[in-house]
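Undergrad: I am sharing upload35.txt, which consists of compact mmCIF, C-alpha atoms:
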# COMPACT_ATOMS: atom_id res chain seq x y z
CA MET S 6 30.82 9.16 -1.26
CA SER S 7 30.85 12.52 -3.01
CA GLY S 8 28.41 15.37 -3.08
CA PRO S 9 27.85 18.71 -1.34
CA LEU S 10 28.37 18.89 2.40
CA VAL S 11 25.14 20.42 3.74
CA LEU S 12 23.87 21.22 7.22
CA GLY S 13 20.08 21.13 7.64
CA ILE S 14 17.97 22.78 10.36
CA GLU S 15 14.39 21.70 11.10
CA THR S 16 12.09 23.47 13.60
CA SER S 17 8.61 23.25 12.08
CA CYS S 18 6.88 21.77 15.13
CA ASP S 19 8.16 20.24 18.38
CA GLU S 20 11.47 18.68 17.29
CA THR S 21 14.67 20.70 17.06
CA GLY S 22 16.60 18.86 14.38
CA VAL S 23 20.06 19.41 12.91
CA GLY S 24 21.42 17.03 10.30
CA ILE S 25 24.55 16.94 8.18
CA VAL S 26 24.89 15.03 4.91
CA ARG S 27 27.48 14.69 2.19
CA GLY S 28 25.48 14.00 -0.95
CA ASN S 29 23.27 11.06 0.03
CA GLN S 30 25.47 9.99 2.95
CA LEU S 31 24.16 10.76 6.43
CA LEU S 32 26.87 12.06 8.77
CA ALA S 33 24.82 13.34 11.70
CA ASN S 34 21.18 13.52 12.74
CA GLU S 35 20.69 15.16 16.13
CA VAL S 36 17.18 15.76 17.45
CA ALA S 37 15.96 17.43 20.65
CA SER S 38 12.24 16.86 21.22
CA SER S 39 9.96 18.98 23.41
CA MET S 40 7.26 16.31 23.28
CA GLU S 41 7.22 15.77 27.04
CA LEU S 42 6.45 19.46 27.58
CA HIS S 43 3.32 19.13 25.44
CA ALA S 44 2.11 15.80 26.84
CA ARG S 45 0.02 17.29 29.64
CA PHE S 46 -1.85 19.42 27.08
CA GLY S 47 -2.54 16.46 24.80
CA GLY S 48 -1.01 18.26 21.83
CA VAL S 49 1.59 20.76 20.70
CA VAL S 50 1.37 24.25 22.23
CA PRO S 51 3.02 26.66 19.75
CA GLU S 52 4.44 29.04 22.38
CA VAL S 53 5.94 26.17 24.35
CA ALA S 54 7.47 24.71 21.18
CA SER S 55 9.06 28.03 20.22
CA ARG S 56 10.68 28.48 23.63
CA ALA S 57 11.95 24.90 23.57
CA HIS S 58 13.56 25.49 20.16
CA LEU S 59 15.33 28.56 21.51
CA GLU S 60 16.81 26.54 24.37
CA ALA S 61 17.74 23.48 22.30
CA MET S 62 18.98 25.08 19.08
CA VAL S 63 22.63 25.83 19.85
CA PRO S 64 23.35 22.60 21.79
CA THR S 65 21.76 20.51 19.02
CA LEU S 66 23.77 22.34 16.37
CA GLU S 67 26.99 21.79 18.29
CA ARG S 68 26.24 18.08 18.77
CA ALA S 69 25.61 17.60 15.05
CA LEU S 70 28.90 19.23 14.07
CA ALA S 71 30.75 17.15 16.65
CA THR S 72 29.06 13.89 15.60
CA ALA S 73 29.87 14.51 11.94
CA GLY S 74 33.39 15.67 12.74
CA VAL S 75 32.79 18.72 10.58
CA ASP S 76 34.12 22.23 10.98
CA PRO S 77 31.65 24.88 9.75
CA VAL S 78 34.28 26.17 7.33
CA GLU S 79 34.00 22.86 5.43
CA LEU S 80 30.27 23.23 4.71
CA ASP S 81 29.12 23.87 1.17
CA ALA S 82 25.70 25.15 2.21
CA ILE S 83 23.07 25.44 4.93
CA ALA S 84 19.43 24.46 4.44
CA VAL S 85 16.54 25.30 6.75
CA THR S 86 12.84 24.59 6.88
CA ALA S 87 11.02 27.72 5.68
CA GLY S 88 7.56 26.14 5.97
CA PRO S 89 4.99 24.84 6.39
CA GLY S 90 4.73 24.63 10.17
CA LEU S 91 4.18 26.66 13.32
CA MET S 92 5.19 30.24 12.64
CA GLY S 93 7.05 30.88 15.90
CA ALA S 94 8.88 27.56 15.69
CA LEU S 95 9.87 28.15 12.06
CA ALA S 96 11.18 31.62 12.92
CA VAL S 97 13.68 30.16 15.40
CA GLY S 98 15.18 27.85 12.79
CA VAL S 99 15.25 30.48 10.05
CA ALA S 100 16.92 33.03 12.35
CA THR S 101 19.53 30.48 13.40
CA ALA S 102 20.23 29.48 9.82
CA LYS S 103 20.59 33.10 8.67
CA ALA S 104 22.95 33.92 11.52
CA SER S 105 25.04 30.82 10.84
CA ALA S 106 25.18 31.45 7.10
CA LEU S 107 26.31 35.03 7.70
CA ALA S 108 28.89 34.07 10.34
CA TRP S 109 30.34 31.21 8.28
CA ASP S 110 29.89 32.90 4.88
CA LYS S 111 27.83 30.03 3.44
CA PRO S 112 24.95 30.01 0.93
CA LEU S 113 21.54 29.51 2.53
CA TYR S 114 18.56 27.59 1.15
CA GLY S 115 15.07 27.90 2.65
CA VAL S 116 13.26 24.67 1.74
CA ASN S 117 9.91 22.95 2.12
CA HIS S 118 9.34 20.73 5.14
CA LEU S 119 7.01 18.34 3.30
CA VAL S 120 9.40 17.85 0.40
CA GLY S 121 12.07 17.09 3.00
CA HIS S 122 10.03 14.03 4.01
CA VAL S 123 10.37 12.86 0.40
CA ALA S 124 14.04 13.72 0.04
CA VAL S 125 15.08 11.89 3.23
CA ASP S 126 14.53 8.58 1.44
CA LEU S 127 17.58 9.42 -0.68
CA LEU S 128 19.71 8.72 2.39
CA ASP S 129 18.45 5.13 2.67
CA HIS S 130 17.72 4.09 -0.90
CA GLY S 131 19.50 6.48 -3.25
CA GLU S 132 17.92 8.28 -6.19
CA LEU S 133 14.14 8.30 -6.44
CA PRO S 134 12.49 6.56 -9.38
CA THR S 135 10.47 9.10 -11.34
CA PRO S 136 7.67 9.57 -11.37
CA CYS S 137 6.79 8.26 -7.96
CA ALA S 138 3.91 8.87 -5.57
CA ALA S 139 4.53 10.02 -2.02
CA LEU S 140 2.16 9.51 0.90
CA LEU S 141 3.12 11.88 3.71
CA VAL S 142 1.36 11.18 6.99
CA SER S 143 2.04 13.07 10.21
CA GLY S 144 0.38 14.96 13.04
CA GLY S 145 -0.04 18.07 10.95
CA HIS S 146 -0.23 16.80 7.39
CA THR S 147 -1.73 14.03 5.31
CA SER S 148 -0.80 14.54 1.68
CA LEU S 149 -0.63 12.46 -1.48
CA LEU S 150 1.88 13.75 -4.01
CA MET S 151 3.13 12.98 -7.50
CA VAL S 152 6.89 13.54 -7.61
CA ARG S 153 8.60 13.89 -10.97
CA ASP S 154 11.57 15.80 -9.62
CA VAL S 155 12.25 16.28 -5.92
CA VAL S 156 13.78 19.71 -6.51
CA GLY S 157 11.15 21.21 -8.73
CA ASP S 158 8.24 19.16 -10.06
CA ILE S 159 5.85 18.09 -7.33
CA VAL S 160 2.06 18.03 -7.70
CA GLU S 161 -0.34 17.60 -4.80
CA LEU S 162 -2.94 15.00 -5.76
CA GLY S 163 -4.79 15.17 -2.46
CA ALA S 164 -4.62 16.30 1.16
CA THR S 165 -6.63 16.22 4.35
CA ILE S 166 -9.66 18.52 4.45
CA ASP S 167 -9.83 18.46 8.26
CA ASP S 168 -7.88 16.42 10.83
CA ALA S 169 -4.60 14.91 9.70
CA ALA S 170 -4.13 11.21 10.45
CA GLY S 171 -1.64 11.85 13.24
CA GLU S 172 -3.95 14.43 14.78
CA ALA S 173 -6.77 11.86 14.79
CA TYR S 174 -4.46 9.40 16.57
CA ASP S 175 -3.73 12.00 19.25
CA LYS S 176 -7.40 12.81 19.81
CA VAL S 177 -8.50 9.18 19.90
CA ALA S 178 -5.70 8.41 22.36
CA ARG S 179 -7.18 11.02 24.72
CA VAL S 180 -10.63 9.43 24.35
CA LEU S 181 -9.15 6.05 25.27
CA GLY S 182 -7.21 7.43 28.22
CA LEU S 183 -3.86 6.88 26.55
CA SER S 184 -0.84 9.18 26.55
CA TYR S 185 0.44 11.67 23.99
CA PRO S 186 1.58 11.30 21.25
CA GLY S 187 -1.20 8.97 20.19
CA GLY S 188 0.43 7.28 17.21
CA PRO S 189 2.91 4.99 18.99
CA VAL S 190 0.63 4.22 21.95
CA ILE S 191 -2.37 3.27 19.79
CA ASP S 192 -0.13 1.19 17.54
CA LYS S 193 1.07 -0.66 20.66
CA ALA S 194 -2.44 -0.94 22.12
CA ALA S 195 -3.96 -2.32 18.89
CA THR S 196 -3.74 -5.93 20.03
CA GLY S 197 -7.39 -6.83 19.39
CA SER S 198 -9.44 -7.54 16.29
CA PRO S 199 -9.24 -4.91 13.53
CA THR S 200 -12.76 -5.94 12.44
CA ALA S 201 -14.36 -5.84 15.90
CA ILE S 202 -15.96 -2.44 15.28
CA ALA S 203 -17.02 -1.10 11.88
CA PHE S 204 -15.68 2.44 12.10
CA PRO S 205 -16.27 4.68 9.05
CA ARG S 206 -13.82 5.28 6.21
CA GLY S 207 -13.89 9.00 5.44
CA LEU S 208 -14.35 10.30 1.87
CA THR S 209 -14.76 6.85 0.34
CA SER S 210 -18.42 6.92 -0.76
CA ARG S 211 -19.14 7.15 -4.47
CA ARG S 212 -20.26 10.77 -4.15
CA ASP S 213 -17.22 11.72 -2.07
CA LEU S 214 -14.86 10.11 -4.55
CA GLU S 215 -16.24 12.24 -7.36
CA ARG S 216 -14.97 15.40 -5.60
CA HIS S 217 -12.33 14.12 -3.19
CA ARG S 218 -10.85 11.01 -4.81
CA TYR S 219 -7.40 11.52 -3.28
CA ASP S 220 -8.34 13.71 -0.32
CA PHE S 221 -8.56 12.56 3.28
CA SER S 222 -10.85 13.22 6.23
CA PHE S 223 -10.38 11.77 9.71
CA SER S 224 -12.57 14.10 11.76
CA GLY S 225 -15.65 11.90 11.34
CA LEU S 226 -13.69 8.79 12.31
CA LYS S 227 -12.41 10.49 15.45
CA THR S 228 -15.96 11.51 16.38
CA ALA S 229 -17.26 8.00 15.66
CA VAL S 230 -14.73 6.47 18.06
CA ALA S 231 -15.56 9.00 20.78
CA ARG S 232 -19.29 8.39 20.33
CA TRP S 233 -18.86 4.59 20.37
CA VAL S 234 -16.87 4.72 23.62
CA GLU S 235 -19.36 7.15 25.16
CA ILE S 236 -22.33 4.89 24.40
CA ALA S 237 -20.53 1.76 25.57
CA GLU S 238 -19.61 3.37 28.90
CA ARG S 239 -23.08 4.86 29.35
CA ASP S 240 -24.69 1.47 28.83
CA GLY S 241 -22.18 -0.31 31.03
CA VAL S 242 -20.86 -2.42 28.18
CA ASP S 243 -17.47 -4.01 28.74
CA TYR S 244 -15.17 -3.60 25.79
CA GLU S 245 -11.58 -4.42 24.97
CA LEU S 246 -9.28 -1.45 24.51
CA GLY S 247 -7.29 -3.53 22.03
CA ASP S 248 -10.37 -3.99 19.84
CA VAL S 249 -11.16 -0.27 19.74
CA ALA S 250 -7.55 0.70 19.03
CA ALA S 251 -7.13 -1.96 16.34
CA SER S 252 -10.43 -1.11 14.64
CA PHE S 253 -9.62 2.61 14.62
CA GLN S 254 -6.12 1.98 13.28
CA GLU S 255 -7.49 -0.34 10.59
CA ALA S 256 -9.89 2.37 9.40
CA VAL S 257 -7.09 4.96 9.15
CA CYS S 258 -4.66 2.68 7.35
CA ASP S 259 -7.32 1.26 5.04
CA VAL S 260 -8.13 4.73 3.71
CA LEU S 261 -4.48 5.76 3.40
CA VAL S 262 -3.46 2.62 1.54
CA THR S 263 -6.53 2.42 -0.67
CA LYS S 264 -6.22 6.00 -1.89
CA ALA S 265 -2.45 5.87 -2.33
CA LEU S 266 -2.56 2.68 -4.42
CA ASP S 267 -5.51 4.00 -6.42
CA ALA S 268 -3.45 7.10 -7.27
CA CYS S 269 -0.57 4.89 -8.39
CA ARG S 270 -2.75 2.72 -10.61
CA THR S 271 -4.63 5.65 -12.15
CA ASN S 272 -1.47 7.61 -12.93
CA GLY S 273 0.65 4.67 -14.06
CA ILE S 274 3.06 5.00 -11.13
CA GLU S 275 5.00 1.94 -10.01
CA HIS S 276 6.71 3.32 -6.91
CA LEU S 277 5.19 4.69 -3.70
CA LEU S 278 7.20 6.46 -1.01
CA ILE S 279 5.81 6.89 2.50
CA GLY S 280 7.06 9.51 4.94
CA GLY S 281 6.12 11.44 8.06
CA GLY S 282 5.75 10.24 11.63
CA VAL S 283 2.78 7.95 10.95
CA ALA S 284 4.82 6.24 8.23
CA ALA S 285 6.52 4.37 11.08
CA ASN S 286 3.16 2.79 12.02
CA SER S 287 3.39 -1.01 11.97
CA ARG S 288 -0.09 -1.60 10.51
CA LEU S 289 0.38 0.94 7.72
CA ARG S 290 3.62 -0.77 6.72
CA SER S 291 2.18 -4.29 6.91
CA MET S 292 -0.97 -3.32 4.98
CA LEU S 293 1.12 -1.80 2.21
CA ALA S 294 3.27 -4.94 2.15
CA GLU S 295 0.08 -6.99 1.72
CA ARG S 296 -1.64 -4.87 -0.94
CA ALA S 297 1.07 -3.10 -2.93
CA PRO S 298 2.45 -6.13 -4.82
CA GLU S 299 -1.04 -7.00 -6.08
CA ALA S 300 -1.34 -3.43 -7.39
CA GLY S 301 2.06 -3.67 -9.09
CA VAL S 302 3.53 -1.02 -6.79
CA GLU S 303 6.89 -1.06 -5.04
CA VAL S 304 6.93 0.70 -1.66
CA ARG S 305 9.91 2.70 -0.40
CA SER S 306 10.05 3.80 3.19
CA PRO S 307 12.92 5.38 5.14
CA ARG S 308 13.96 3.86 8.44
CA PRO S 309 11.55 4.82 11.28
CA ALA S 310 14.06 7.25 12.83
CA LEU S 311 13.99 9.29 9.62
CA CYS S 312 10.18 9.32 9.34
CA THR S 313 9.63 11.81 12.14
CA ASP S 314 10.73 15.44 11.78
CA ASN S 315 14.52 15.74 11.69
CA GLY S 316 17.34 17.86 10.34
CA ALA S 317 18.67 15.08 8.11
CA MET S 318 15.69 15.36 5.78
CA ILE S 319 16.28 19.09 5.35
CA ALA S 320 19.99 18.53 4.75
CA ALA S 321 19.14 15.83 2.18
CA LEU S 322 16.82 18.16 0.33
CA GLY S 323 19.39 20.93 0.56
CA ALA S 324 22.03 18.67 -0.95
CA ALA S 325 19.68 17.79 -3.82
CA VAL S 326 18.96 21.46 -4.44
CA VAL S 327 22.66 22.35 -4.41
CA SER S 328 23.50 19.44 -6.74
CA ALA S 329 20.83 20.67 -9.15
CA GLY S 330 22.61 24.01 -9.35
CA LEU S 331 19.71 26.08 -8.02
CA PRO S 332 20.57 29.53 -6.64
CA PRO S 333 20.44 30.19 -2.87
CA SER S 334 17.43 31.84 -1.29
CA SER S 335 17.29 35.60 -1.03
CA PRO S 336 18.79 36.78 2.28
CA ASP S 337 15.51 38.45 3.22
CA PHE S 338 13.28 35.37 2.87
CA SER S 339 10.95 34.67 5.78
CA ALA S 340 9.22 31.64 7.24
CA THR S 341 5.85 30.80 5.68
CA SER S 342 3.53 28.71 7.84
CA SER S 343 1.33 27.66 4.89
CA LEU S 344 4.04 27.13 2.27
CA PRO S 345 2.53 25.01 -0.57
CA VAL S 346 4.22 21.72 -1.31
CA SER S 347 4.84 22.79 -4.92
CA THR S 348 7.27 25.43 -3.61
CA VAL S 349 10.43 23.44 -2.92
CA LEU S 350 12.80 26.40 -2.47
CA VAL S 351 11.82 29.91 -1.33
For the file at hand, write its structure as structure tokens.

TA:
Amino acid sequence: MSGPLVLGIETSCDETGVGIVRGNQLLANEVASSMELHARFGGVVPEVASRAHLEAMVPTLERALATAGVDPVELDAIAVTAGPGLMGALAVGVATAKASALAWDKPLYGVNHLVGHVAVDLLDHGELPTPCAALLVSGGHTSLLMVRDVVGDIVELGATIDDAAGEAYDKVARVLGLSYPGGPVIDKAATGSPTAIAFPRGLTSRRDLERHRYDFSFSGLKTAVARWVEIAERDGVDYELGDVAASFQEAVCDVLVTKALDACRTNGIEHLLIGGGVAANSRLRSMLAERAPEAGVEVRSPRPALCTDNGAMIAALGAAVVSAGLPPSSPDFSATSSLPVSTVLV
């Protein structure tokens, strides 16, 4: 397997990730998560995440190099998440990458975290068909993209206007007395009927679709679940946790799948890529498997371990950027917490 040997650093939220790839071959993917530190708060605390990155950065970097059997002198380039994400967390990764690039005399590429979630699929399935649609679903982002070129032609078709899907999972988990993060625990708890409770589907009315056809909103759904549980408990009504979890999850996945497949049909796209932490959700994957063939759409999804934030996805994007012959980032680039998805390389 040929291609540039690239080390990727990811610190946009609560995972310290370092990955190494050679072209589209994954050599190492080391991740140190600070999730347990945030669990008692029910969500990520930026200051806690930044401190955890500082403590985990060097050991994670050393593990990745050891796992890959790579000496830094062999690297062709270093890539790092420049945004979007938590500013303090991003700064740790960018500072580490700049110091490493200077010490090892390597070119440095500051790349987009969201585009990394697209590029990571290269490691499992090879080159992307173009154009393709990408549905990125995580705790901080819910975005629907049209990808013509992973290194330079990405258009955002829609995004969340309030809570991201993963954020809604976390908040509903708290309402149901479940642990953080909410995605995996609700997925596991969703053992009841997905039609037991008719929870709302945000931004799907005719009027909403005129303005927000490909946008998402999960704040109202989160509030509806909280209100339903509150009324049931006030009135002494027994209910099954599995029914509430399954009905909530069905509402989230129904909106995600419906809008993603609509975007594919409308734009003549035959391939849909899913990425981000929620892309590992079992119901989202099964619903796409049920509906995508009827819509004439082929679904690509990386293995679950590559869906969550990791350094491999940044290394994969870095390798694609290097292979495309794009110049390195300016040495004085800085992290940008609100970096738009159309900016692949800063």

Undergrad: Show me, as a list in words, the residues that have an atom within 7 Å of region 227-235 of chain S when counting only C-alpha atoms, minus same-chain residues fewer than 2 positions from it.

TA: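 Final neighbour list, sorted by chain and number: Ala173, Val177, Val180, Phe204, Phe223, Ser224, Gly225, Ala237, Glu238 and Arg239 of chain S.
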
Undergrad: Output as JSON lines one row per residue of region 102-188 of chain S within 9 Å of region 269-272 of chain S: the closest atom pair and its distance in Å to one decimal place, counting all atoms listed in the file, sorted by chain and residue number ascending.

TA:
{"residue": "S:Cys137", "atom": "CA", "partner": "S:Cys269", "partner_atom": "CA", "distance": 8.1}
{"residue": "S:Ala138", "atom": "CA", "partner": "S:Cys269", "partner_atom": "CA", "distance": 6.6}
{"residue": "S:Met151", "atom": "CA", "partner": "S:Asn272", "partner_atom": "CA", "distance": 8.9}

Undergrad: Per residue of region 282-316 of chain S within 8 Å of region 8-29 of chain S, note the shortest atom pair and the distance in Å to one decimal, counting all atoms listed in the file, and order the rows by chain and increasing residue number, as a Markdown table.

TA:
| residue | atom | partner | partner_atom | distance |
| --- | --- | --- | --- | --- |
| S:Asp314 | CA | S:Glu20 | CA | 6.4 |
| S:Asn315 | CA | S:Gly22 | CA | 4.6 |
| S:Gly316 | CA | S:Val23 | CA | 4.1 |

Undergrad: Considering all atoms listed in the file, return as a list of chain:residue names whatever protein or nucleic-acid residues lie within 9 Å of His146 (chain S), sequence-local ones (same chain, fewer than 6 positions apart) excluded.

TA: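 In the requested form, the answer reads S:Leu119, S:Ala164, S:Thr165, S:Asp168, S:Ala169, S:Ala170, S:Gly171, S:Glu172, S:Gly281.
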
Undergrad: Could you write out that same residue set with C-alpha atoms as an mmCIF file, keeping the file's coordinate frame?

TA:
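Final output, result-v6.cif:
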data_model
loop_
_atom_site.group_PDB
_atom_site.id
_atom_site.type_symbol
_atom_site.label_atom_id
_atom_site.label_comp_id
_atom_site.auth_asym_id
_atom_site.auth_seq_id
_atom_site.Cartn_x
_atom_site.Cartn_y
_atom_site.Cartn_z
ATOM 1 C CA LEU S 119 7.010 18.340 3.300
ATOM 2 C CA ALA S 164 -4.620 16.300 1.160
ATOM 3 C CA THR S 165 -6.630 16.220 4.350
ATOM 4 C CA ASP S 168 -7.880 16.420 10.830
ATOM 5 C CA ALA S 169 -4.600 14.910 9.700
ATOM 6 C CA ALA S 170 -4.130 11.210 10.450
ATOM 7 C CA GLY S 171 -1.640 11.850 13.240
ATOM 8 C CA GLU S 172 -3.950 14.430 14.780
ATOM 9 C CA GLY S 281 6.120 11.440 8.060
#

Undergrad: Between S:Val85, S:Leu95, S:Leu181, S:Ile279, which is the closest to Gly323 (chain S) once you count all atoms listed in the file?

TA: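 Looking at the shortest contact to Gly323 (chain S), the residue is S:Val85.
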
Undergrad: Using only C-alpha atoms, which residues sit within 10 Å of Arg290 (chain S) once same-chain residues fewer than 5 positions away are excluded, as an NGL selection string?

TA: :S and (258 or 262 or 279 or 283-285 or 295 or 304 or 306)

Undergrad: Work out how far CA of Lys176 (chain S) is from CA of Ala251 (chain S), in Å to one decimal.

TA: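 So the answer is 15.2 Å.
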
Undergrad: Can you work out which one of S:Pro186, S:Gly131, S:Gly301, S:Pro136 has the shortest atom-to-atom distance to Ala321 (chain S), counting all atoms listed in the file?

TA: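 Of S:Pro186, S:Gly131, S:Gly301, S:Pro136, the one nearest Ala321 (chain S), counting all atoms listed in the file, is S:Gly131.
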
Undergrad: Please work out which residues fall within 12 Å of (31.8, 24.1, 4.5), coordinates as given in the file, with all atoms listed in the file counting, and return them as a compact mmCIF listing (two decimals) with C-alpha atoms, keeping the file's coordinate frame.

TA:
# COMPACT_ATOMS: atom_id res chain seq x y z
CA PRO S 9 27.85 18.71 -1.34
CA LEU S 10 28.37 18.89 2.40
CA VAL S 11 25.14 20.42 3.74
CA LEU S 12 23.87 21.22 7.22
CA ILE S 25 24.55 16.94 8.18
CA VAL S 26 24.89 15.03 4.91
CA ARG S 27 27.48 14.69 2.19
CA LEU S 70 28.90 19.23 14.07
CA GLY S 74 33.39 15.67 12.74
CA VAL S 75 32.79 18.72 10.58
CA ASP S 76 34.12 22.23 10.98
CA PRO S 77 31.65 24.88 9.75
CA VAL S 78 34.28 26.17 7.33
CA GLU S 79 34.00 22.86 5.43
CA LEU S 80 30.27 23.23 4.71
CA ASP S 81 29.12 23.87 1.17
CA ALA S 82 25.70 25.15 2.21
CA ILE S 83 23.07 25.44 4.93
CA SER S 105 25.04 30.82 10.84
CA ALA S 106 25.18 31.45 7.10
CA ALA S 108 28.89 34.07 10.34
CA TRP S 109 30.34 31.21 8.28
CA ASP S 110 29.89 32.90 4.88
CA LYS S 111 27.83 30.03 3.44
CA PRO S 112 24.95 30.01 0.93
CA LEU S 113 21.54 29.51 2.53

Undergrad: Counting only C-alpha atoms, which of S:Arg68, S:Thr135, S:Asp248, S:Ser339 gets nearest to Glu275 (chain S)?

TA: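 For Glu275 (chain S), the nearest of the given residues is S:Thr135.
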
Undergrad: Would you place a box with edges along x, y and z of the file around all atoms of region 261-266 of chain S listed there, add 8 Å to each of its six sides, and report the centre and edge lengths in Å to one decimal, as lines of an AutoDock Vina configuration file?

TA:
center_x = -4.5
center_y = 4.2
center_z = -0.5
size_x = 20.1
size_y = 19.6
size_z = 23.8
